[in-house]
$ cat entry_30.pdb   # PDB, C-alpha atoms and all ligand atoms
ATOM      1  CA  MET A 570       0.000   0.000   0.000
ATOM      2  CA  LYS A 571       1.183   3.545  -0.727
ATOM      3  CA  THR A 572       1.975   5.718   2.260
ATOM      4  CA  PHE A 573       2.696   9.346   3.051
ATOM      5  CA  GLU A 574       4.274  11.140   5.995
ATOM      6  CA  PHE A 575       2.144  13.520   7.941
ATOM      7  CA  LYS A 576       2.855  15.325  11.209
ATOM      8  CA  SER A 577      -0.134  16.613  13.126
ATOM      9  CA  GLU A 578       0.299  19.973  14.810
ATOM     10  CA  LYS A 579      -1.032  20.737  18.219
ATOM     11  CA  GLN A 580      -4.198  22.774  17.991
ATOM     12  CA  ALA A 581      -5.282  25.599  20.265
ATOM     13  CA  PHE A 582      -7.398  24.310  23.092
ATOM     14  CA  TYR A 583     -10.663  25.842  21.925
ATOM     15  CA  ILE A 584     -10.230  24.537  18.377
ATOM     16  CA  ALA A 585      -9.454  21.035  19.651
ATOM     17  CA  GLU A 586     -12.527  21.231  21.882
ATOM     18  CA  ALA A 587     -14.757  22.309  18.997
ATOM     19  CA  TYR A 588     -13.560  19.326  16.943
ATOM     20  CA  LYS A 589     -14.138  16.951  19.812
ATOM     21  CA  THR A 590     -17.672  18.285  20.171
ATOM     22  CA  LEU A 591     -18.211  17.839  16.468
ATOM     23  CA  ARG A 592     -16.824  14.298  16.580
ATOM     24  CA  THR A 593     -19.102  13.436  19.473
ATOM     25  CA  ASN A 594     -22.132  14.823  17.699
ATOM     26  CA  ILE A 595     -21.319  12.871  14.556
ATOM     27  CA  THR A 596     -20.939   9.723  16.632
ATOM     28  CA  PHE A 597     -24.376  10.340  18.133
ATOM     29  CA  CYS A 598     -25.920  10.488  14.662
ATOM     30  CA  GLY A 599     -25.888   6.706  14.817
ATOM     31  CA  ASP A 600     -23.789   3.850  13.537
ATOM     32  CA  ASP A 601     -25.593   3.909  10.193
ATOM     33  CA  VAL A 602     -23.910   7.251   9.458
ATOM     34  CA  LYS A 603     -20.511   6.297   8.075
ATOM     35  CA  VAL A 604     -20.126   8.146   4.811
ATOM     36  CA  ILE A 605     -20.295  11.887   5.338
ATOM     37  CA  ALA A 606     -19.989  14.701   2.793
ATOM     38  CA  VAL A 607     -18.758  18.113   3.871
ATOM     39  CA  THR A 608     -20.074  20.979   1.800
ATOM     40  CA  SER A 609     -20.837  24.678   2.035
ATOM     41  CA  CYS A 610     -22.466  27.502   0.150
ATOM     42  CA  MET A 611     -19.395  29.372  -0.977
ATOM     43  CA  PRO A 612     -15.713  28.808  -1.669
ATOM     44  CA  ASN A 613     -13.389  29.452   1.254
ATOM     45  CA  ASP A 614     -15.860  28.483   3.979
ATOM     46  CA  GLY A 615     -13.354  26.079   5.497
ATOM     47  CA  LYS A 616     -14.600  22.707   4.161
ATOM     48  CA  SER A 617     -11.205  21.243   3.338
ATOM     49  CA  GLU A 618      -9.646  22.265   6.591
ATOM     50  CA  LEU A 619     -12.619  20.984   8.515
ATOM     51  CA  SER A 620     -12.828  17.679   6.603
ATOM     52  CA  TRP A 621      -9.198  16.907   7.268
ATOM     53  CA  ASN A 622      -9.443  17.837  10.940
ATOM     54  CA  VAL A 623     -12.606  15.830  11.475
ATOM     55  CA  ALA A 624     -10.945  12.813   9.857
ATOM     56  CA  LEU A 625      -7.821  13.307  11.962
ATOM     57  CA  ASN A 626      -9.821  13.773  15.124
ATOM     58  CA  MET A 627     -11.764  10.586  14.542
ATOM     59  CA  ALA A 628      -8.561   8.685  13.793
ATOM     60  CA  GLU A 629      -7.127  10.014  17.059
ATOM     61  CA  ALA A 630     -10.146   8.544  18.805
ATOM     62  CA  GLY A 631      -9.275   5.139  17.362
ATOM     63  CA  LYS A 632     -11.693   5.091  14.436
ATOM     64  CA  LYS A 633     -10.471   3.870  11.082
ATOM     65  CA  VAL A 634     -11.056   6.811   8.777
ATOM     66  CA  LEU A 635     -10.771   7.572   5.082
ATOM     67  CA  LEU A 636     -10.535  11.185   3.950
ATOM     68  CA  LEU A 637     -11.810  11.173   0.392
ATOM     69  CA  ASP A 638     -11.036  14.338  -1.527
ATOM     70  CA  ALA A 639     -13.899  14.752  -3.975
ATOM     71  CA  ASP A 640     -13.119  18.365  -4.763
ATOM     72  CA  LEU A 641     -11.842  17.454  -8.200
ATOM     73  CA  ARG A 642     -11.757  21.106  -9.218
ATOM     74  CA  LYS A 643      -9.604  22.676  -6.560
ATOM     75  CA  SER A 644      -7.938  20.242  -4.238
ATOM     76  CA  VAL A 645      -5.675  21.626  -1.539
ATOM     77  CA  HIS A 646      -4.746  18.684   0.666
ATOM     78  CA  VAL A 647      -1.460  17.552  -0.880
ATOM     79  CA  ARG A 648      -0.069  21.084  -0.831
ATOM     80  CA  ARG A 649      -1.525  22.086   2.510
ATOM     81  CA  LEU A 650      -0.301  18.992   4.320
ATOM     82  CA  GLY A 651       3.144  19.551   2.848
ATOM     83  CA  ILE A 652       3.266  16.018   1.470
ATOM     84  CA  LYS A 653       6.687  15.266   0.034
ATOM     85  CA  GLU A 654       5.809  11.983  -1.642
ATOM     86  CA  ASP A 655       4.878  12.056  -5.269
ATOM     87  CA  ILE A 656       1.131  11.545  -5.439
ATOM     88  CA  MET A 657       0.735  10.165  -8.918
ATOM     89  CA  PHE A 658      -2.923   9.248  -8.969
ATOM     90  CA  GLY A 659      -6.107  10.290  -7.244
ATOM     91  CA  LEU A 660      -9.872  10.001  -7.409
ATOM     92  CA  SER A 661     -10.174  11.587 -10.857
ATOM     93  CA  HIS A 662      -7.802   8.945 -12.273
ATOM     94  CA  PHE A 663      -9.749   6.149 -10.627
ATOM     95  CA  LEU A 664     -13.124   7.463 -11.786
ATOM     96  CA  SER A 665     -11.928   7.865 -15.342
ATOM     97  CA  GLY A 666     -10.495   4.341 -15.385
ATOM     98  CA  GLN A 667      -6.858   5.467 -15.579
ATOM     99  CA  ALA A 668      -5.936   3.967 -12.217
ATOM    100  CA  ASP A 669      -7.196   1.219 -10.022
ATOM    101  CA  ILE A 670      -7.923   1.373  -6.330
ATOM    102  CA  ASN A 671      -4.445   0.360  -5.201
ATOM    103  CA  ASP A 672      -2.933   3.248  -7.162
ATOM    104  CA  VAL A 673      -5.001   5.900  -5.385
ATOM    105  CA  PHE A 674      -5.329   4.554  -1.869
ATOM    106  CA  TYR A 675      -2.843   6.040   0.642
ATOM    107  CA  GLN A 676      -2.147   5.210   4.240
ATOM    108  CA  SER A 677      -0.930   8.184   6.276
ATOM    109  CA  SER A 678       1.788   7.918   8.893
ATOM    110  CA  PHE A 679      -0.902   8.784  11.433
ATOM    111  CA  PRO A 680      -2.515   5.570  12.712
ATOM    112  CA  ASN A 681      -5.977   4.795  11.322
ATOM    113  CA  LEU A 682      -5.959   7.661   8.850
ATOM    114  CA  TYR A 683      -6.145   6.936   5.116
ATOM    115  CA  THR A 684      -6.669   9.190   2.124
ATOM    116  CA  ILE A 685      -7.645   9.186  -1.489
ATOM    117  CA  PHE A 686      -6.469  12.494  -2.950
ATOM    118  CA  ALA A 687      -8.348  14.239  -5.736
ATOM    119  CA  GLY A 688      -5.915  13.664  -8.604
ATOM    120  CA  SER A 689      -5.571  15.889 -11.663
ATOM    121  CA  VAL A 690      -8.351  18.309 -12.497
ATOM    122  CA  PRO A 691     -10.594  16.586 -15.056
ATOM    123  CA  PRO A 692     -12.682  18.404 -17.676
ATOM    124  CA  ASN A 693     -15.906  16.783 -16.390
ATOM    125  CA  PRO A 694     -15.875  16.535 -12.554
ATOM    126  CA  ALA A 695     -19.640  16.339 -11.997
ATOM    127  CA  GLU A 696     -20.015  13.644 -14.630
ATOM    128  CA  LEU A 697     -17.178  11.582 -13.129
ATOM    129  CA  LEU A 698     -18.625  11.795  -9.630
ATOM    130  CA  GLY A 699     -21.992  10.616 -10.883
ATOM    131  CA  ASN A 700     -20.594   7.504 -12.527
ATOM    132  CA  LYS A 701     -20.880   3.935 -11.313
ATOM    133  CA  ARG A 702     -17.241   3.737 -10.284
ATOM    134  CA  PHE A 703     -17.788   6.327  -7.566
ATOM    135  CA  GLU A 704     -20.726   4.458  -6.117
ATOM    136  CA  ALA A 705     -18.802   1.175  -6.302
ATOM    137  CA  LEU A 706     -15.804   2.749  -4.574
ATOM    138  CA  LEU A 707     -17.929   3.903  -1.659
ATOM    139  CA  LYS A 708     -19.561   0.496  -1.400
ATOM    140  CA  VAL A 709     -16.196  -1.195  -1.030
ATOM    141  CA  MET A 710     -14.770   1.456   1.297
ATOM    142  CA  ARG A 711     -17.722   1.493   3.637
ATOM    143  CA  ASN A 712     -16.947  -2.120   4.539
ATOM    144  CA  SER A 713     -13.362  -1.257   5.436
ATOM    145  CA  PHE A 714     -13.780   1.977   7.398
ATOM    146  CA  ASP A 715     -15.615   3.303  10.420
ATOM    147  CA  TYR A 716     -15.976   6.692   8.737
ATOM    148  CA  ILE A 717     -15.459   8.131   5.281
ATOM    149  CA  ILE A 718     -15.237  11.915   5.316
ATOM    150  CA  ILE A 719     -15.664  13.458   1.874
ATOM    151  CA  ASP A 720     -14.405  16.921   1.043
ATOM    152  CA  THR A 721     -16.411  18.531  -1.760
ATOM    153  CA  PRO A 722     -16.673  21.849  -3.637
ATOM    154  CA  PRO A 723     -19.207  24.480  -2.546
ATOM    155  CA  LEU A 724     -22.768  23.623  -3.486
ATOM    156  CA  GLY A 725     -23.604  27.262  -4.106
ATOM    157  CA  SER A 726     -21.106  27.249  -6.981
ATOM    158  CA  VAL A 727     -21.214  23.791  -8.556
ATOM    159  CA  ILE A 728     -23.467  20.764  -8.297
ATOM    160  CA  ASP A 729     -20.751  18.189  -7.440
ATOM    161  CA  SER A 730     -21.462  17.950  -3.725
ATOM    162  CA  ALA A 731     -25.152  17.212  -4.299
ATOM    163  CA  ILE A 732     -24.089  14.339  -6.559
ATOM    164  CA  VAL A 733     -21.608  13.084  -3.961
ATOM    165  CA  SER A 734     -24.160  13.480  -1.166
ATOM    166  CA  SER A 735     -26.634  11.270  -2.967
ATOM    167  CA  PHE A 736     -24.260   8.355  -2.203
ATOM    168  CA  CYS A 737     -23.656   9.417   1.417
ATOM    169  CA  ASP A 738     -25.360   8.667   4.707
ATOM    170  CA  GLY A 739     -25.201  12.276   5.779
ATOM    171  CA  ALA A 740     -23.908  15.721   4.915
ATOM    172  CA  ILE A 741     -22.509  18.554   6.963
ATOM    173  CA  LEU A 742     -23.108  22.087   5.767
ATOM    174  CA  VAL A 743     -20.403  24.593   6.674
ATOM    175  CA  ILE A 744     -21.421  28.226   6.848
ATOM    176  CA  SER A 745     -19.005  31.060   7.535
ATOM    177  CA  GLN A 746     -20.290  33.565   9.982
ATOM    178  CA  GLY A 747     -21.817  36.705   8.492
ATOM    179  CA  ARG A 748     -20.940  35.873   4.918
ATOM    180  CA  ILE A 749     -24.118  34.837   3.139
ATOM    181  CA  SER A 750     -27.785  35.677   3.313
ATOM    182  CA  TYR A 751     -30.304  33.486   5.063
ATOM    183  CA  LYS A 752     -32.084  33.077   1.710
ATOM    184  CA  PHE A 753     -28.955  31.767  -0.002
ATOM    185  CA  ALA A 754     -28.281  29.335   2.849
ATOM    186  CA  ARG A 755     -31.834  28.028   2.509
ATOM    187  CA  GLU A 756     -31.451  27.625  -1.249
ATOM    188  CA  VAL A 757     -28.306  25.581  -0.794
ATOM    189  CA  LYS A 758     -29.906  23.510   1.953
ATOM    190  CA  ALA A 759     -32.888  22.835  -0.326
ATOM    191  CA  GLN A 760     -30.534  21.745  -3.104
ATOM    192  CA  LEU A 761     -28.767  19.393  -0.702
ATOM    193  CA  GLU A 762     -32.084  17.929   0.408
ATOM    194  CA  LYS A 763     -32.894  17.056  -3.188
ATOM    195  CA  SER A 764     -30.023  14.576  -3.084
ATOM    196  CA  ASN A 765     -32.003  12.634  -0.450
ATOM    197  CA  CYS A 766     -29.090  12.814   1.908
ATOM    198  CA  ARG A 767     -29.665  13.458   5.559
ATOM    199  CA  ILE A 768     -28.283  16.826   6.655
ATOM    200  CA  LEU A 769     -26.517  16.023   9.897
ATOM    201  CA  GLY A 770     -26.065  19.606  10.900
ATOM    202  CA  VAL A 771     -24.715  23.018  10.128
ATOM    203  CA  ILE A 772     -21.324  24.190  11.271
ATOM    204  CA  LEU A 773     -20.985  27.872  11.859
ATOM    205  CA  ASN A 774     -17.370  28.430  10.925
ATOM    206  CA  LYS A 775     -14.931  31.323  11.059
ATOM    207  CA  VAL A 776     -16.697  32.720  14.051
ATOM    208  CA  ASP A 777     -15.085  35.867  15.334
ATOM    209  CA  ILE A 778     -14.694  34.912  18.949
ATOM    210  CA  ARG A 779     -13.885  38.458  20.049
ATOM    211  CA  GLU A 780     -17.256  39.524  18.757
ATOM    212  CA  LYS A 781     -18.913  36.625  20.541
ATOM    213  CA  GLY A 782     -17.116  37.283  23.797
ATOM    214  CA  GLY A 783     -14.969  34.175  24.039
ATOM    215  CA  TYR A 784     -14.993  30.661  22.758
ATOM    216  CA  TYR A 785     -17.634  29.492  25.180
ATOM    217  CA  LYS A 786     -20.089  31.433  23.103
ATOM    218  CA  SER A 787     -18.504  30.621  19.786
ATOM    219  CA  TYR A 788     -20.300  27.368  19.315
ATOM    220  CA  GLY A 789     -23.628  26.067  20.360
ATOM    221  CA  TYR A 790     -24.894  22.649  21.170
ATOM    222  CA  GLY A 791     -27.007  20.206  19.280
ATOM    223  CA  LYS A 792     -26.579  20.703  15.597
ATOM    224  CA  LYS A 793     -24.589  23.882  15.442
ATOM    225  CA  TYR A 794     -20.904  24.301  16.087
ATOM    226  CA  GLY A 795     -18.324  26.809  15.204
ATOM    227  CA  TYR A 796     -14.875  27.980  15.973
ATOM    228  CA  GLY A 797     -12.712  30.899  15.220
ATOM    229  CA  TYR A 798      -9.077  31.797  15.463
ATOM    230  CA  GLY A 799      -9.491  34.686  17.840
ATOM    231  CA  LYS A 800      -8.582  37.354  15.352
ATOM    232  CA  LYS A 801     -10.236  39.118  12.493
ATOM    233  CA  TYR A 802      -9.708  37.661   9.068
ATOM    234  CA  GLY A 803     -10.695  38.929   5.689
ATOM    235  CA  TYR A 804     -12.063  37.398   2.544
ATOM    236  CA  GLY A 805      -9.813  39.045  -0.003
ATOM    237  CA  TYR A 806      -9.190  35.610  -1.414
ATOM    238  CA  GLY A 807     -10.046  34.475  -4.873
ATOM    239  CA  TYR A 808     -11.404  31.147  -5.920
ATOM    240  CA  GLY A 809     -11.653  29.210  -9.082
ATOM    241  CA  TYR A 810     -14.945  27.463  -9.459
ATOM    242  CA  GLY A 811     -16.833  27.804 -12.673
ATOM    243  CA  TYR A 812     -20.358  29.067 -12.675
ATOM    244  CA  GLU A 813     -22.436  26.020 -13.420
ATOM    245  CA  TYR A 814     -25.227  26.106 -10.965
ATOM    246  CA  GLY A 815     -26.152  28.695  -8.613
ATOM    247  CA  SER A 816     -27.026  31.903  -7.211
ATOM    248  CA  SER A 817     -26.478  35.543  -7.664
ATOM    249  CA  SER A 818     -24.070  35.486  -4.723
ATOM    250  CA  ASN A 819     -21.585  33.571  -6.781
ATOM    251  CA  GLN A 820     -19.144  36.252  -7.850
ATOM    252  CA  THR A 821     -16.157  34.312  -9.036
ATOM    253  CA  LYS A 822     -12.658  35.737  -8.799
ATOM    254  CA  LYS A 823     -10.066  33.769 -10.638
ATOM    255  CA  SER A 824      -6.924  33.829  -8.562
ATOM    256  CA  GLU A 825      -6.175  31.878  -5.437
ATOM    257  CA  LYS A 826      -3.885  33.482  -2.903
ATOM    258  CA  GLU A 827      -3.314  31.470   0.227
TER
HETATM  259  N1  LIG B   1     -12.414  28.475  11.325
HETATM  260  C1  LIG B   1     -11.557  29.152  10.580
HETATM  261  N2  LIG B   1     -11.114  30.368  10.952
HETATM  262  C2  LIG B   1     -10.255  31.057  10.194
HETATM  263  N3  LIG B   1      -9.752  30.640   9.015
HETATM  264  C3  LIG B   1     -10.146  29.427   8.586
HETATM  265  C4  LIG B   1     -11.059  28.620   9.327
HETATM  266  N4  LIG B   1     -11.265  27.460   8.632
HETATM  267  C5  LIG B   1     -10.526  27.553   7.508
HETATM  268  N5  LIG B   1      -9.852  28.717   7.485
HETATM  269  C6  LIG B   1      -8.970  29.194   6.408
HETATM  270  O1  LIG B   1      -9.797  29.606   5.332
HETATM  271  C7  LIG B   1      -9.174  29.286   4.098
HETATM  272  C8  LIG B   1     -10.080  28.414   3.283
HETATM  273  O2  LIG B   1     -10.231  27.167   3.940
HETATM  274  P1  LIG B   1     -10.567  25.859   3.109
HETATM  275  O3  LIG B   1      -9.634  25.694   1.970
HETATM  276  O4  LIG B   1     -10.679  24.759   4.086
HETATM  277  O5  LIG B   1     -11.983  26.295   2.563
HETATM  278  P2  LIG B   1     -12.892  25.536   1.524
HETATM  279  O6  LIG B   1     -14.303  25.769   1.929
HETATM  280  O7  LIG B   1     -12.444  24.133   1.376
HETATM  281  O8  LIG B   1     -12.577  26.343   0.212
HETATM  282  P3  LIG B   1     -12.922  25.870  -1.280
HETATM  283  O9  LIG B   1     -14.413  26.013  -1.449
HETATM  284  O10 LIG B   1     -12.155  26.835  -2.092
HETATM  285  O11 LIG B   1     -12.484  24.441  -1.418
HETATM  286  C9  LIG B   1      -7.844  28.597   4.437
HETATM  287  O12 LIG B   1      -6.819  29.552   4.398
HETATM  288  C10 LIG B   1      -8.069  28.105   5.850
HETATM  289  O13 LIG B   1      -6.877  27.994   6.564
HETATM  290 MG    MG B   2     -11.842  23.023  -0.215
END

$ encode --input "entry_30.pdb" --output "structure tokens"
Amino acid sequence: MKTFEFKSEKQAFYIAEAYKTLRTNITFCGDDVKVIAVTSCMPNDGKSELSWNVALNMAEAGKKVLLLDADLRKSVHVRRLGIKEDIMFGLSHFLSGQADINDVFYQSSFPNLYTIFAGSVPPNPAELLGNKRFEALLKVMRNSFDYIIIDTPPLGSVIDSAIVSSFCDGAILVISQGRISYKFAREVKAQLEKSNCRILGVILNKVDIREKGGYYKSYGYGKKYGYGYGKKYGYGYGYGYGYEYGSSSNQTKKSEKE
């Protein structure tokens, strides 16, 4: 099996606590919830970061976890994790029949944590995700893992995550604080519901904890969580999704500066 080195960094206490709360709440969704899509309304809401951290957190708790990167348009994990190994193939190669499962399946150096990276950007991501190979992959993987966490593109920009969610047991919707209208959030939620996937909850992300008066108030209980980094951050960040499905809030800038 292919492997890659990964060193986990210690998180601030309140961030670690928020992830533990999230993990616990996912666990309480029931043991029939194994395959979980993470989506959001807009680019830059924190889906990729959250997906990875949820997967890592569950692996830390002894669960066998697969992080499946289904953002075939703009994957960040290989770069963000600083992976030195050459990742030749990913999900797009598997779905298009250019690679088989052993070529794309990676074990991380962190116990219990496995990944399938996105692979090269294909010309037809939504079509690939809707094909039989994706469904078959999830069928096989669900027998081998306790949880499969799937990172996806924003549903307010492209339809991919609704397609992915239709094969999942549940979806998590990430919403950045103060960024989108209630109406837009409802539209995206309605779109997600059309995929017949259970919405496990909404994560209020990028919460400005100074505004909220401390992390105790930065996340709620039940189906709503959130965390912030304790400082103001801006959104002067571009993104690169096409405009295939969507809403008037989708103003696409072309450059990505991270
Ligand atoms: N809770 C948070 N507070 C502050 N910054 C955050 C938070 N979560 C993520 N970020 C930062 O926001 C940026 C975007 O995060 P990420 O790539 O995870 O978003 P995304 O929703 O996956 O974006 P995309 O839709 O483009 O895939 C990154 O620089 C990340 O470090
Ligand atoms: Mg992402």

$ closest_residue --input "entry_30.pdb" --among "A:Ile768, A:Leu697, A:Ala687, A:Val733" --to "Val645 in chain A" --atoms "all atoms listed in the file"
A:Ala687

$ resolve_selection --input "entry_30.pdb" --expression "the PyMOL selection byres (((chain A and resi 660) around 7) and not hetatm)" --output "list in words"
Gly659, Ser661, His662, Phe663, Leu664, Val673, Ile685, Phe686, Ala687 and Gly688 of chain A

$ resolve_selection --input "entry_30.pdb" --expression "the PyMOL selection byres (((not hetatm)) within 8 of (chain B and resi 2))" --output "MDAnalysis selection string"
chainID A and resid 612:618 640 643:645 720:723

$ closest_residue --input "entry_30.pdb" --among "A:Leu619, A:Val776, A:Val757, A:Ile749" --to "Ile719 in chain A" --atoms "all atoms listed in the file"
A:Leu619

$ resolve_selection --input "entry_30.pdb" --expression "the PyMOL selection byres (((chain A and resi 604) around 12) and not hetatm)" --output "PyMOL selection string"
chain A and resi 595-596+598-603+605-607+624+634-637+704+706-720+733-741+766-767+769

$ closest_residue --input "entry_30.pdb" --among "A:Glu762, A:Asp655, A:Asp669, A:Asp729" --to "ligand LIG 1 (chain B)" --atoms "only C-alpha atoms and all ligand atoms"
A:Asp729

$ closest_residue --input "entry_30.pdb" --among "A:Ser764, A:Ser677, A:Gln667, A:Ser730" --to "ligand LIG 1 (chain B)" --atoms "only C-alpha atoms and all ligand atoms"
A:Ser730

$ closest_residue --input "entry_30.pdb" --among "A:Ile732, A:Cys610, A:Met570, A:Ala695" --to "ligand LIG 1 (chain B)" --atoms "all atoms listed in the file"
A:Cys610

$ closest_residue --input "entry_30.pdb" --among "A:Lys775, A:Arg642, A:Lys579, A:Lys633" --to "ligand LIG 1 (chain B)" --atoms "all atoms listed in the file"
A:Lys775

$ residues_near_point --input "entry_30.pdb" --point "(-5.2, 16.4, 13.4)" --cutoff "8 Å" --atoms "only C-alpha atoms" --output "PyMOL selection string"
chain A and resi 577-580+621-626+629

$ atom_distance --input "entry_30.pdb" --atom1 "CA of Met627 in chain A" --atom2 "CA of Arg592 in chain A"
6.6 Å

$ axis_aligned_box --input "entry_30.pdb" --around "ligand LIG 1 (chain B)" --padding-each-side "3 Å" --output "lines of an AutoDock Vina configuration file"
center_x = -10.6
center_y = 27.6
center_z = 4.6
size_x = 13.6
size_y = 12.9
size_z = 19.4

$ atom_distance --input "entry_30.pdb" --atom1 "CA of Phe597 in chain A" --atom2 "CA of Gly770 in chain A"
11.9 Å

$ atom_distance --input "entry_30.pdb" --atom1 "CA of Ser620 in chain A" --atom2 "CA of Ser678 in chain A"
17.7 Å
